[in-house]
>>> print(open('run-v9.pdb').read())   # PDB, C-alpha atoms
ATOM      1  CA  MET A   1     -15.527 -70.561-108.527
ATOM      2  CA  VAL A   2     -18.954 -71.692-109.710
ATOM      3  CA  PRO A   3     -18.926 -71.500-113.562
ATOM      4  CA  GLY A   4     -20.820 -68.515-114.887
ATOM      5  CA  ARG A   5     -21.588 -67.203-111.418
ATOM      6  CA  PHE A   6     -19.612 -64.757-109.323
ATOM      7  CA  ILE A   7     -19.601 -65.364-105.607
ATOM      8  CA  PHE A   8     -18.734 -62.254-103.653
ATOM      9  CA  ILE A   9     -16.725 -63.105-100.571
ATOM     10  CA  ILE A  10     -17.796 -60.381 -98.170
ATOM     11  CA  VAL A  11     -17.617 -60.164 -94.415
ATOM     12  CA  ALA A  12     -21.192 -59.047 -93.867
ATOM     13  CA  CYS A  13     -22.698 -58.243 -90.531
ATOM     14  CA  ALA A  14     -21.624 -60.925 -88.080
ATOM     15  CA  LEU A  15     -23.893 -62.687 -85.626
ATOM     16  CA  LEU A  16     -21.054 -64.617 -84.027
ATOM     17  CA  LEU A  17     -20.779 -65.428 -80.379
ATOM     18  CA  ALA A  18     -17.926 -63.945 -78.398
ATOM     19  CA  ALA A  19     -14.575 -65.644 -78.867
ATOM     20  CA  THR A  20     -13.596 -66.544 -75.320
ATOM     21  CA  ALA A  21     -10.318 -67.814 -73.959
ATOM     22  CA  GLU A  22     -10.221 -71.565 -74.462
ATOM     23  CA  PRO A  23      -7.708 -74.400 -74.869
ATOM     24  CA  ALA A  24      -5.858 -74.433 -78.162
ATOM     25  CA  LEU A  25      -7.573 -77.610 -79.336
ATOM     26  CA  ALA A  26     -11.085 -76.665 -78.206
ATOM     27  CA  LYS A  27     -13.658 -76.391 -80.974
ATOM     28  CA  LYS A  28     -14.792 -72.852 -81.672
ATOM     29  CA  PRO A  29     -18.491 -72.091 -82.152
ATOM     30  CA  GLU A  30     -19.833 -72.446 -85.660
ATOM     31  CA  PRO A  31     -20.745 -69.164 -87.413
ATOM     32  CA  GLY A  32     -24.177 -68.049 -86.294
ATOM     33  CA  ALA A  33     -24.190 -70.342 -83.259
ATOM     34  CA  GLU A  34     -26.499 -69.327 -80.425
ATOM     35  CA  ARG A  35     -26.833 -70.645 -76.922
ATOM     36  CA  PRO A  36     -30.089 -72.453 -76.111
ATOM     37  CA  LEU A  37     -32.865 -70.517 -74.432
ATOM     38  CA  SER A  38     -32.991 -70.965 -70.681
ATOM     39  CA  ALA A  39     -36.067 -72.571 -69.143
ATOM     40  CA  ALA A  40     -37.424 -69.143 -68.164
ATOM     41  CA  GLU A  41     -36.695 -67.686 -71.621
ATOM     42  CA  GLN A  42     -38.348 -70.641 -73.331
ATOM     43  CA  ALA A  43     -41.419 -70.350 -71.116
ATOM     44  CA  ALA A  44     -41.750 -66.627 -71.903
ATOM     45  CA  SER A  45     -41.310 -67.354 -75.607
ATOM     46  CA  ASN A  46     -43.956 -70.091 -75.475
ATOM     47  CA  ARG A  47     -46.429 -67.714 -73.840
ATOM     48  CA  LYS A  48     -45.892 -65.100 -76.529
ATOM     49  CA  VAL A  49     -46.176 -67.676 -79.308
ATOM     50  CA  ALA A  50     -49.451 -68.968 -77.840
ATOM     51  CA  ALA A  51     -50.782 -65.410 -77.558
ATOM     52  CA  ALA A  52     -49.837 -64.770 -81.194
ATOM     53  CA  GLU A  53     -51.650 -67.904 -82.304
ATOM     54  CA  ASP A  54     -54.739 -66.827 -80.362
ATOM     55  CA  TYR A  55     -54.625 -63.337 -81.872
ATOM     56  CA  VAL A  56     -54.289 -64.572 -85.445
ATOM     57  CA  ALA A  57     -57.104 -67.067 -84.952
ATOM     58  CA  SER A  58     -59.344 -64.311 -83.594
ATOM     59  CA  VAL A  59     -58.873 -62.007 -86.599
ATOM     60  CA  SER A  60     -58.520 -64.528 -89.423
ATOM     61  CA  GLN A  61     -62.204 -64.723 -90.300
ATOM     62  CA  GLY A  62     -62.526 -60.972 -90.872
ATOM     63  CA  GLU A  63     -59.263 -60.785 -92.805
ATOM     64  CA  GLY A  64     -60.323 -63.664 -95.024
ATOM     65  CA  THR A  65     -63.525 -61.861 -95.877
ATOM     66  CA  LEU A  66     -61.576 -58.728 -96.786
ATOM     67  CA  ALA A  67     -59.098 -60.673 -98.905
ATOM     68  CA  SER A  68     -61.883 -62.302-100.936
ATOM     69  CA  LEU A  69     -63.761 -59.107-101.814
ATOM     70  CA  ALA A  70     -64.517 -58.685-105.509
ATOM     71  CA  CYS A  71     -63.484 -55.060-106.087
ATOM     72  CA  ILE A  72     -64.075 -52.952-109.137
ATOM     73  CA  ALA A  73     -60.489 -51.757-108.978
ATOM     74  CA  GLY A  74     -59.186 -55.320-109.259
ATOM     75  CA  PRO A  75     -56.354 -56.908-107.262
ATOM     76  CA  VAL A  76     -53.570 -54.736-105.917
ATOM     77  CA  GLU A  77     -49.907 -55.657-106.247
ATOM     78  CA  ALA A  78     -46.838 -53.863-104.920
ATOM     79  CA  THR A  79     -44.687 -54.824-107.859
ATOM     80  CA  THR A  80     -41.216 -53.577-106.994
ATOM     81  CA  ALA A  81     -38.881 -54.805-104.298
ATOM     82  CA  GLY A  82     -38.632 -51.307-102.854
ATOM     83  CA  ALA A  83     -42.386 -50.835-102.570
ATOM     84  CA  ASP A  84     -43.497 -49.576 -99.179
ATOM     85  CA  ALA A  85     -47.238 -50.313 -99.190
ATOM     86  CA  PRO A  86     -50.117 -50.953-101.569
ATOM     87  CA  ALA A  87     -51.738 -48.060-103.395
ATOM     88  CA  SER A  88     -54.204 -45.811-101.575
ATOM     89  CA  GLY A  89     -57.886 -45.080-102.188
ATOM     90  CA  LEU A  90     -60.344 -47.646-103.526
ATOM     91  CA  ALA A  91     -57.547 -49.985-104.600
ATOM     92  CA  ALA A  92     -56.112 -50.083-101.078
ATOM     93  CA  ALA A  93     -59.538 -50.873 -99.637
ATOM     94  CA  CYS A  94     -59.649 -53.930-101.886
ATOM     95  CA  ALA A  95     -56.084 -55.041-101.160
ATOM     96  CA  PRO A  96     -55.215 -58.200 -99.251
ATOM     97  CA  PRO A  97     -55.014 -57.722 -95.464
ATOM     98  CA  ASN A  98     -51.901 -55.775 -94.522
ATOM     99  CA  ALA A  99     -50.324 -53.521 -91.904
ATOM    100  CA  PHE A 100     -47.283 -51.243 -91.947
ATOM    101  CA  LEU A 101     -45.320 -49.201 -89.428
ATOM    102  CA  ALA A 102     -43.736 -45.824 -90.193
ATOM    103  CA  MET A 103     -40.055 -46.777 -90.134
ATOM    104  CA  GLU A 104     -36.943 -45.466 -91.883
ATOM    105  CA  ALA A 105     -33.890 -47.480 -92.908
ATOM    106  CA  ARG A 106     -30.418 -46.625 -91.659
ATOM    107  CA  ASP A 107     -27.056 -47.624 -93.115
ATOM    108  CA  GLN A 108     -24.798 -49.562 -90.752
ATOM    109  CA  VAL A 109     -21.692 -47.531 -89.970
ATOM    110  CA  LEU A 110     -19.405 -50.582 -89.694
ATOM    111  CA  GLY A 111     -19.424 -53.939 -91.450
ATOM    112  CA  HIS A 112     -20.475 -55.857 -88.325
ATOM    113  CA  TYR A 113     -23.063 -53.288 -87.171
ATOM    114  CA  CYS A 114     -26.255 -54.668 -88.709
ATOM    115  CA  GLY A 115     -27.492 -55.384 -85.166
ATOM    116  CA  PRO A 116     -26.914 -51.808 -83.960
ATOM    117  CA  ALA A 117     -28.437 -50.508 -87.209
ATOM    118  CA  VAL A 118     -31.581 -52.542 -86.549
ATOM    119  CA  GLY A 119     -31.567 -51.248 -82.983
ATOM    120  CA  GLN A 120     -31.306 -47.681 -84.268
ATOM    121  CA  VAL A 121     -34.186 -48.141 -86.722
ATOM    122  CA  ILE A 122     -36.435 -49.667 -84.060
ATOM    123  CA  ALA A 123     -35.491 -47.090 -81.415
ATOM    124  CA  ASN A 124     -36.224 -44.260 -83.864
ATOM    125  CA  TYR A 125     -39.666 -45.746 -84.467
ATOM    126  CA  ALA A 126     -40.377 -46.365 -80.778
ATOM    127  CA  TRP A 127     -39.425 -42.796 -79.832
ATOM    128  CA  ALA A 128     -41.283 -41.308 -82.850
ATOM    129  CA  ALA A 129     -38.112 -39.596 -84.044
ATOM    130  CA  ALA A 130     -38.464 -36.940 -86.737
ATOM    131  CA  ALA A 131     -37.630 -37.977 -90.295
ATOM    132  CA  GLY A 132     -33.880 -38.278 -90.802
ATOM    133  CA  LYS A 133     -33.116 -38.033 -87.071
ATOM    134  CA  ASN A 134     -31.632 -40.644 -84.743
ATOM    135  CA  VAL A 135     -32.394 -41.035 -81.054
ATOM    136  CA  PHE A 136     -29.178 -42.969 -80.331
ATOM    137  CA  LEU A 137     -25.905 -43.391 -82.213
ATOM    138  CA  GLN A 138     -25.075 -46.884 -83.458
ATOM    139  CA  ARG A 139     -21.866 -46.928 -81.434
ATOM    140  CA  LEU A 140     -23.859 -46.471 -78.220
ATOM    141  CA  ILE A 141     -26.320 -49.181 -79.239
ATOM    142  CA  ALA A 142     -23.324 -51.405 -80.048
ATOM    143  CA  GLN A 143     -22.170 -50.982 -76.446
ATOM    144  CA  TRP A 144     -25.561 -52.148 -75.188
ATOM    145  CA  MET A 145     -25.440 -55.103 -77.604
ATOM    146  CA  ARG A 146     -21.742 -55.942 -76.924
ATOM    147  CA  THR A 147     -21.233 -55.897 -80.697
ATOM    148  CA  ASP A 148     -17.604 -54.793 -80.764
ATOM    149  CA  GLN A 149     -16.617 -57.055 -77.877
ATOM    150  CA  ASN A 150     -18.141 -60.102 -79.594
ATOM    151  CA  GLY A 151     -17.367 -59.182 -83.201
ATOM    152  CA  GLY A 152     -21.092 -59.292 -83.985
ATOM    153  CA  THR A 153     -24.512 -59.372 -82.329
ATOM    154  CA  ASP A 154     -26.292 -62.508 -81.172
ATOM    155  CA  ALA A 155     -30.027 -62.593 -80.510
ATOM    156  CA  PHE A 156     -29.753 -62.335 -76.741
ATOM    157  CA  ASN A 157     -27.534 -59.258 -76.824
ATOM    158  CA  LEU A 158     -29.724 -57.701 -79.505
ATOM    159  CA  GLU A 159     -32.686 -58.240 -77.170
ATOM    160  CA  VAL A 160     -30.822 -56.412 -74.391
ATOM    161  CA  GLY A 161     -30.080 -53.536 -76.754
ATOM    162  CA  LEU A 162     -33.706 -53.271 -77.841
ATOM    163  CA  GLU A 163     -34.868 -53.306 -74.231
ATOM    164  CA  THR A 164     -32.466 -50.499 -73.373
ATOM    165  CA  GLY A 165     -33.101 -48.437 -76.503
ATOM    166  CA  THR A 166     -36.901 -48.519 -76.326
ATOM    167  CA  ARG A 167     -37.488 -48.427 -72.548
ATOM    168  CA  GLY A 168     -39.971 -45.648 -71.799
ATOM    169  CA  ALA A 169     -40.582 -44.850 -75.483
ATOM    170  CA  PRO A 170     -44.069 -43.516 -76.324
ATOM    171  CA  ARG A 171     -44.777 -46.170 -78.966
ATOM    172  CA  ARG A 172     -43.689 -49.079 -76.778
ATOM    173  CA  PRO A 173     -46.711 -50.717 -75.094
ATOM    174  CA  GLY A 174     -46.721 -50.487 -71.319
ATOM    175  CA  ASN A 175     -46.498 -54.252 -70.790
ATOM    176  CA  TRP A 176     -44.004 -54.862 -73.604
ATOM    177  CA  ASP A 177     -41.063 -57.262 -73.194
ATOM    178  CA  TRP A 178     -38.631 -58.030 -76.003
ATOM    179  CA  LEU A 179     -38.133 -61.795 -76.295
ATOM    180  CA  VAL A 180     -35.955 -64.229 -78.225
ATOM    181  CA  THR A 181     -37.834 -67.015 -80.008
ATOM    182  CA  ALA A 182     -36.565 -69.921 -82.076
ATOM    183  CA  VAL A 183     -38.937 -70.274 -85.036
ATOM    184  CA  VAL A 184     -39.919 -73.930 -85.435
ATOM    185  CA  ASP A 185     -42.512 -75.851 -87.437
ATOM    186  CA  ARG A 186     -45.100 -76.082 -84.659
ATOM    187  CA  ASP A 187     -47.840 -77.607 -86.811
ATOM    188  CA  ALA A 188     -45.539 -80.064 -88.663
ATOM    189  CA  ASP A 189     -46.688 -78.894 -92.102
ATOM    190  CA  GLY A 190     -43.165 -78.753 -93.535
ATOM    191  CA  THR A 191     -42.632 -74.988 -93.272
ATOM    192  CA  THR A 192     -42.043 -72.333 -90.623
ATOM    193  CA  ALA A 193     -43.350 -69.553 -92.877
ATOM    194  CA  ASP A 194     -46.865 -69.726 -91.444
ATOM    195  CA  GLN A 195     -45.504 -69.297 -87.919
ATOM    196  CA  LEU A 196     -43.230 -66.407 -88.930
ATOM    197  CA  HIS A 197     -46.039 -64.618 -90.759
ATOM    198  CA  ASP A 198     -48.290 -64.981 -87.710
ATOM    199  CA  TYR A 199     -45.612 -63.512 -85.431
ATOM    200  CA  ALA A 200     -45.146 -60.532 -87.749
ATOM    201  CA  ARG A 201     -48.901 -59.977 -87.996
ATOM    202  CA  THR A 202     -49.238 -60.048 -84.213
ATOM    203  CA  ASN A 203     -46.379 -57.670 -83.449
ATOM    204  CA  ILE A 204     -47.279 -55.174 -86.150
ATOM    205  CA  SER A 205     -51.086 -55.292 -86.148
ATOM    206  CA  GLN A 206     -51.848 -55.899 -82.485
ATOM    207  CA  PHE A 207     -48.969 -54.125 -80.741
ATOM    208  CA  ARG A 208     -47.719 -51.744 -83.468
ATOM    209  CA  MET A 209     -44.161 -52.947 -82.850
ATOM    210  CA  PRO A 210     -41.544 -54.240 -85.333
ATOM    211  CA  LEU A 211     -39.504 -57.458 -85.217
ATOM    212  CA  ALA A 212     -35.805 -58.244 -85.689
ATOM    213  CA  LEU A 213     -34.878 -61.326 -87.747
ATOM    214  CA  ALA A 214     -31.526 -63.091 -88.166
ATOM    215  CA  VAL A 215     -31.044 -64.448 -91.699
ATOM    216  CA  LYS A 216     -28.530 -65.726 -94.176
ATOM    217  CA  PRO A 217     -29.152 -62.944 -96.746
ATOM    218  CA  HIS A 218     -27.966 -64.785 -99.886
ATOM    219  CA  ASP A 219     -26.092 -68.019 -99.390
ATOM    220  CA  ALA A 220     -24.732 -69.445-102.652
ATOM    221  CA  ARG A 221     -26.110 -72.888-101.696
ATOM    222  CA  SER A 222     -29.613 -71.594-100.986
ATOM    223  CA  ASN A 223     -32.610 -71.208-103.264
ATOM    224  CA  PHE A 224     -33.648 -68.036-101.430
ATOM    225  CA  ASN A 225     -32.284 -64.541-100.906
ATOM    226  CA  LEU A 226     -33.396 -61.146 -99.698
ATOM    227  CA  ALA A 227     -34.479 -58.717-102.408
ATOM    228  CA  SER A 228     -31.797 -56.361-101.084
ATOM    229  CA  TRP A 229     -29.049 -58.977-101.602
ATOM    230  CA  PRO A 230     -29.225 -59.931-105.315
ATOM    231  CA  ARG A 231     -25.752 -61.501-105.415
ATOM    232  CA  PRO A 232     -24.484 -64.443-103.345
ATOM    233  CA  VAL A 233     -22.151 -63.679-100.446
ATOM    234  CA  ALA A 234     -20.222 -65.628 -97.855
ATOM    235  CA  SER A 235     -21.931 -64.091 -94.831
ATOM    236  CA  PRO A 236     -21.923 -65.165 -91.184
ATOM    237  CA  GLY A 237     -25.455 -63.761 -90.917
ATOM    238  CA  HIS A 238     -27.431 -60.546 -91.010
ATOM    239  CA  TRP A 239     -30.113 -58.712 -89.000
ATOM    240  CA  ILE A 240     -33.130 -57.022 -90.604
ATOM    241  CA  ALA A 241     -36.104 -55.185 -89.077
ATOM    242  CA  ILE A 242     -39.627 -56.206 -90.138
ATOM    243  CA  TYR A 243     -42.037 -53.271 -90.342
ATOM    244  CA  GLY A 244     -44.914 -54.582 -92.456
ATOM    245  CA  TRP A 245     -46.810 -57.574 -93.772
ATOM    246  CA  LEU A 246     -49.188 -58.201 -96.645
ATOM    247  CA  GLY A 247     -51.518 -61.100 -97.412
ATOM    248  CA  LEU A 248     -52.453 -64.291 -95.611
ATOM    249  CA  PHE A 249     -49.994 -67.167 -95.767
ATOM    250  CA  THR A 250     -51.465 -70.069 -97.750
ATOM    251  CA  GLY A 251     -48.283 -71.879 -98.748
ATOM    252  CA  ASN A 252     -47.327 -69.833-101.803
ATOM    253  CA  ASP A 253     -45.398 -66.594-102.318
ATOM    254  CA  ASP A 254     -48.349 -64.194-102.070
ATOM    255  CA  ALA A 255     -47.724 -63.398 -98.401
ATOM    256  CA  ARG A 256     -44.922 -60.881 -97.931
ATOM    257  CA  LEU A 257     -42.821 -59.325 -95.202
ATOM    258  CA  TYR A 258     -41.532 -55.764 -95.540
ATOM    259  CA  TYR A 259     -38.183 -54.922 -93.954
ATOM    260  CA  THR A 260     -35.441 -52.337 -93.612
ATOM    261  CA  ASP A 261     -31.887 -53.241 -94.582
ATOM    262  CA  SER A 262     -28.618 -51.505 -93.698
ATOM    263  CA  SER A 263     -26.058 -53.274 -95.903
ATOM    264  CA  ARG A 264     -25.155 -50.852 -98.714
ATOM    265  CA  ASP A 265     -21.408 -51.358 -98.195
ATOM    266  CA  GLU A 266     -21.541 -55.023 -97.180
ATOM    267  CA  GLY A 267     -22.896 -56.623-100.370
ATOM    268  CA  GLY A 268     -26.561 -55.788 -99.990
ATOM    269  CA  ALA A 269     -28.443 -52.490-100.019
ATOM    270  CA  THR A 270     -29.798 -49.928 -97.578
ATOM    271  CA  GLY A 271     -33.479 -49.048 -97.754
ATOM    272  CA  LYS A 272     -36.961 -50.568 -97.489
ATOM    273  CA  PHE A 273     -37.772 -53.804 -99.306
ATOM    274  CA  TRP A 274     -40.111 -56.774 -99.369
ATOM    275  CA  THR A 275     -39.570 -60.479 -99.897
ATOM    276  CA  PRO A 276     -42.099 -63.360 -99.785
ATOM    277  CA  THR A 277     -42.524 -64.669 -96.257
ATOM    278  CA  ARG A 278     -41.808 -68.211 -97.452
ATOM    279  CA  HIS A 279     -38.367 -67.102 -98.636
ATOM    280  CA  ILE A 280     -37.505 -65.154 -95.486
ATOM    281  CA  ALA A 281     -38.582 -68.073 -93.307
ATOM    282  CA  ALA A 282     -36.192 -70.318 -95.230
ATOM    283  CA  MET A 283     -33.341 -67.854 -94.685
ATOM    284  CA  VAL A 284     -34.118 -67.713 -90.962
ATOM    285  CA  ALA A 285     -34.139 -71.532 -90.854
ATOM    286  CA  GLU A 286     -30.807 -71.668 -92.723
ATOM    287  CA  HIS A 287     -29.255 -69.542 -89.998
ATOM    288  CA  THR A 288     -29.996 -69.529 -86.236
ATOM    289  CA  ARG A 289     -33.837 -69.633 -86.419
ATOM    290  CA  ARG A 290     -33.802 -66.755 -83.930
ATOM    291  CA  ILE A 291     -36.055 -63.727 -83.995
ATOM    292  CA  VAL A 292     -36.402 -60.937 -81.418
ATOM    293  CA  TRP A 293     -39.956 -59.638 -81.036
TER     294      TRP A 293
END
>>> encode(input="run-v9.pdb", output="structure tokens")
Amino acid sequence: MVPGRFIFIIVACALLLAATAEPALAKKPEPGAERPLSAAEQAASNRKVAAAEDYVASVSQGEGTLASLACIAGPVEATTAGADAPASGLAAACAPPNAFLAMEARDQVLGHYCGPAVGQVIANYAWAAAAGKNVFLQRLIAQWMRTDQNGGTDAFNLEVGLETGTRGAPRRPGNWDWLVTAVVDRDADGTTADQLHDYARTNISQFRMPLALAVKPHDARSNFNLASWPRPVASPGHWIAIYGWLGLFTGNDDARLYYTDSSRDEGGATGKFWTPTRHIAAMVAEHTRRIVW
């Protein structure tokens, strides 16, 4: 026990690979392990990453102008971790660049169902479900994602579930394809936060679609945690859905990602929250580095 600090040992939502029959002495996969992307998957991911970089470059000049406006109302801050979006009216017009999707959080019905809960939240958005209503039950989504069979949801099975749950939905773009991407430091500047923020901006602002991120929500050895997980846990990993972004990433904590969480009974909380992009990127890097977008 760390002196003066309680560490809650909780089996949070698992992102483990399936436990397959293997020799008794064979090494089992590490928690959070993921298979490498195939050549075709990597090529598709690279194309989407390149398109995201092109999109962000094309809009950055206008967003920078907006962010630097000197407004009578002064700067806008969403000051609480549950805040959904900046204030409206004149203040919102002077806010940093931002975009948000109309999404509702859902509580995961089982301890290893954070993947199906994310799938439910995203499917509800894609199908424009009425407030408080669900298009699909989590147990059905879990079948698509092989969650019970594997004891958790890896990125590739989550991608299959999102494809199935949003196919034909009115808010899904006609040429949309859910993809798995490993977030890496493409520009060698010592952080992946700029890449992650660009991917969120592209999905949400250009396509009006959310993202799914795999994170370590609050590892006791980490300097970072989700706002919805204030206490350290021993977690194999957790899925969250990103529905909004605020600010331009410049290396500090001003840029934020807004997300839904489903973990009320697993050590976290259920609802809508925000955390600085730099922190979330670190939690993604501490886990599998996988996102589905």
>>> residues_around(input="run-v9.pdb", residues="A:Val59", least_positions_apart="6", cutoff="12 Å", atoms="all atoms listed in the file", output="list of chain:residue names")
A:Ala52, A:Glu53, A:Thr65, A:Leu66, A:Pro97, A:Asp198, A:Arg201, A:Thr202, A:Ser205, A:Gln206, A:Leu248
>>> atom_distance(input="run-v9.pdb", atom1="atom CA of A:Gln42", atom2="atom CA of A:Gln195")
16.3 Å
>>> resolve_selection(input="run-v9.pdb", expression="the PyMOL selection byres ((chain A and resi 145) around 12)", output="ChimeraX atom specification")
/A:15,17-18,112-120,138-144,146-165
>>> resolve_selection(input="run-v9.pdb", expression="the PyMOL selection byres ((chain A and resi 168-184) around 9)", output="VMD selection string")
chain A and resid 37 41 to 42 44 to 46 48 to 49 123 125 to 128 155 to 156 159 to 160 162 to 163 165 to 167 185 to 188 191 to 192 195 to 196 207 to 209 281 284 to 285 288 to 293
>>> write_last_selection(input="run-v9.pdb", atoms="C-alpha atoms", output="JSON list (two decimals), in the frame of the given file")
[["chain", "number", "residue", "atom", "x", "y", "z"],
["A", 37, "LEU", "CA", -32.86, -70.52, -74.43],
["A", 41, "GLU", "CA", -36.70, -67.69, -71.62],
["A", 42, "GLN", "CA", -38.35, -70.64, -73.33],
["A", 44, "ALA", "CA", -41.75, -66.63, -71.90],
["A", 45, "SER", "CA", -41.31, -67.35, -75.61],
["A", 46, "ASN", "CA", -43.96, -70.09, -75.47],
["A", 48, "LYS", "CA", -45.89, -65.10, -76.53],
["A", 49, "VAL", "CA", -46.18, -67.68, -79.31],
["A", 123, "ALA", "CA", -35.49, -47.09, -81.42],
["A", 125, "TYR", "CA", -39.67, -45.75, -84.47],
["A", 126, "ALA", "CA", -40.38, -46.36, -80.78],
["A", 127, "TRP", "CA", -39.42, -42.80, -79.83],
["A", 128, "ALA", "CA", -41.28, -41.31, -82.85],
["A", 155, "ALA", "CA", -30.03, -62.59, -80.51],
["A", 156, "PHE", "CA", -29.75, -62.34, -76.74],
["A", 159, "GLU", "CA", -32.69, -58.24, -77.17],
["A", 160, "VAL", "CA", -30.82, -56.41, -74.39],
["A", 162, "LEU", "CA", -33.71, -53.27, -77.84],
["A", 163, "GLU", "CA", -34.87, -53.31, -74.23],
["A", 165, "GLY", "CA", -33.10, -48.44, -76.50],
["A", 166, "THR", "CA", -36.90, -48.52, -76.33],
["A", 167, "ARG", "CA", -37.49, -48.43, -72.55],
["A", 185, "ASP", "CA", -42.51, -75.85, -87.44],
["A", 186, "ARG", "CA", -45.10, -76.08, -84.66],
["A", 187, "ASP", "CA", -47.84, -77.61, -86.81],
["A", 188, "ALA", "CA", -45.54, -80.06, -88.66],
["A", 191, "THR", "CA", -42.63, -74.99, -93.27],
["A", 192, "THR", "CA", -42.04, -72.33, -90.62],
["A", 195, "GLN", "CA", -45.50, -69.30, -87.92],
["A", 196, "LEU", "CA", -43.23, -66.41, -88.93],
["A", 207, "PHE", "CA", -48.97, -54.12, -80.74],
["A", 208, "ARG", "CA", -47.72, -51.74, -83.47],
["A", 209, "MET", "CA", -44.16, -52.95, -82.85],
["A", 281, "ALA", "CA", -38.58, -68.07, -93.31],
["A", 284, "VAL", "CA", -34.12, -67.71, -90.96],
["A", 285, "ALA", "CA", -34.14, -71.53, -90.85],
["A", 288, "THR", "CA", -30.00, -69.53, -86.24],
["A", 289, "ARG", "CA", -33.84, -69.63, -86.42],
["A", 290, "ARG", "CA", -33.80, -66.76, -83.93],
["A", 291, "ILE", "CA", -36.06, -63.73, -84.00],
["A", 292, "VAL", "CA", -36.40, -60.94, -81.42],
["A", 293, "TRP", "CA", -39.96, -59.64, -81.04]]
>>> atom_distance(input="run-v9.pdb", atom1="atom CA of A:Pro230", atom2="atom CA of A:Gly268")
7.3 Å
>>> axis_aligned_box(input="run-v9.pdb", around="stretch 273-283 of chain A", padding_each_side="5 Å", output="JSON")
{"center_x": -37.9, "center_y": -62.1, "center_z": -96.6, "size_x": 19.2, "size_y": 26.5, "size_z": 16.6}
>>> atom_distance(input="run-v9.pdb", atom1="atom CA of A:His197", atom2="atom CA of A:Arg231")
25.2 Å
>>> decode(input="run-v9.pdb", residues="stretch 262-275 of chain A", atoms="N, CA and C atoms", output="PDB file, in the first residue's frame")
ATOM      1  N   SER A 262     -18.730   5.564 -18.818  1.00  0.00           N
ATOM      2  CA  SER A 262     -19.782   4.594 -18.492  1.00  0.00           C
ATOM      3  C   SER A 262     -19.509   3.835 -17.204  1.00  0.00           C
ATOM      4  N   SER A 263     -18.570   4.321 -16.369  1.00  0.00           N
ATOM      5  CA  SER A 263     -17.926   3.488 -15.350  1.00  0.00           C
ATOM      6  C   SER A 263     -18.379   3.754 -13.919  1.00  0.00           C
ATOM      7  N   ARG A 264     -19.642   4.106 -13.712  1.00  0.00           N
ATOM      8  CA  ARG A 264     -20.113   4.453 -12.372  1.00  0.00           C
ATOM      9  C   ARG A 264     -19.856   3.359 -11.341  1.00  0.00           C
ATOM     10  N   ASP A 265     -19.974   2.111 -11.729  1.00  0.00           N
ATOM     11  CA  ASP A 265     -19.814   0.992 -10.795  1.00  0.00           C
ATOM     12  C   ASP A 265     -18.468   0.300 -10.914  1.00  0.00           C
ATOM     13  N   GLU A 266     -17.568   0.860 -11.682  1.00  0.00           N
ATOM     14  CA  GLU A 266     -16.256   0.243 -11.918  1.00  0.00           C
ATOM     15  C   GLU A 266     -15.100   1.069 -11.382  1.00  0.00           C
ATOM     16  N   GLY A 267     -15.376   2.128 -10.625  1.00  0.00           N
ATOM     17  CA  GLY A 267     -14.313   2.962 -10.073  1.00  0.00           C
ATOM     18  C   GLY A 267     -14.251   4.341 -10.651  1.00  0.00           C
ATOM     19  N   GLY A 268     -14.987   4.579 -11.730  1.00  0.00           N
ATOM     20  CA  GLY A 268     -15.026   5.899 -12.341  1.00  0.00           C
ATOM     21  C   GLY A 268     -16.396   6.527 -12.157  1.00  0.00           C
ATOM     22  N   ALA A 269     -16.920   7.130 -13.211  1.00  0.00           N
ATOM     23  CA  ALA A 269     -18.226   7.773 -13.159  1.00  0.00           C
ATOM     24  C   ALA A 269     -18.885   7.636 -14.525  1.00  0.00           C
ATOM     25  N   THR A 270     -20.187   7.821 -14.547  1.00  0.00           N
ATOM     26  CA  THR A 270     -20.944   7.810 -15.800  1.00  0.00           C
ATOM     27  C   THR A 270     -21.458   9.218 -16.067  1.00  0.00           C
ATOM     28  N   GLY A 271     -21.216   9.720 -17.266  1.00  0.00           N
ATOM     29  CA  GLY A 271     -21.650  11.064 -17.608  1.00  0.00           C
ATOM     30  C   GLY A 271     -20.778  11.643 -18.705  1.00  0.00           C
ATOM     31  N   LYS A 272     -20.791  12.980 -18.799  1.00  0.00           N
ATOM     32  CA  LYS A 272     -20.017  13.708 -19.809  1.00  0.00           C
ATOM     33  C   LYS A 272     -18.967  14.556 -19.102  1.00  0.00           C
ATOM     34  N   PHE A 273     -17.729  14.481 -19.586  1.00  0.00           N
ATOM     35  CA  PHE A 273     -16.595  15.092 -18.907  1.00  0.00           C
ATOM     36  C   PHE A 273     -15.623  15.662 -19.926  1.00  0.00           C
ATOM     37  N   TRP A 274     -14.648  16.423 -19.439  1.00  0.00           N
ATOM     38  CA  TRP A 274     -13.538  16.833 -20.290  1.00  0.00           C
ATOM     39  C   TRP A 274     -12.235  16.667 -19.535  1.00  0.00           C
ATOM     40  N   THR A 275     -11.182  16.467 -20.289  1.00  0.00           N
ATOM     41  CA  THR A 275      -9.825  16.349 -19.758  1.00  0.00           C
ATOM     42  C   THR A 275      -8.887  16.939 -20.800  1.00  0.00           C
TER      43      THR A 275
END
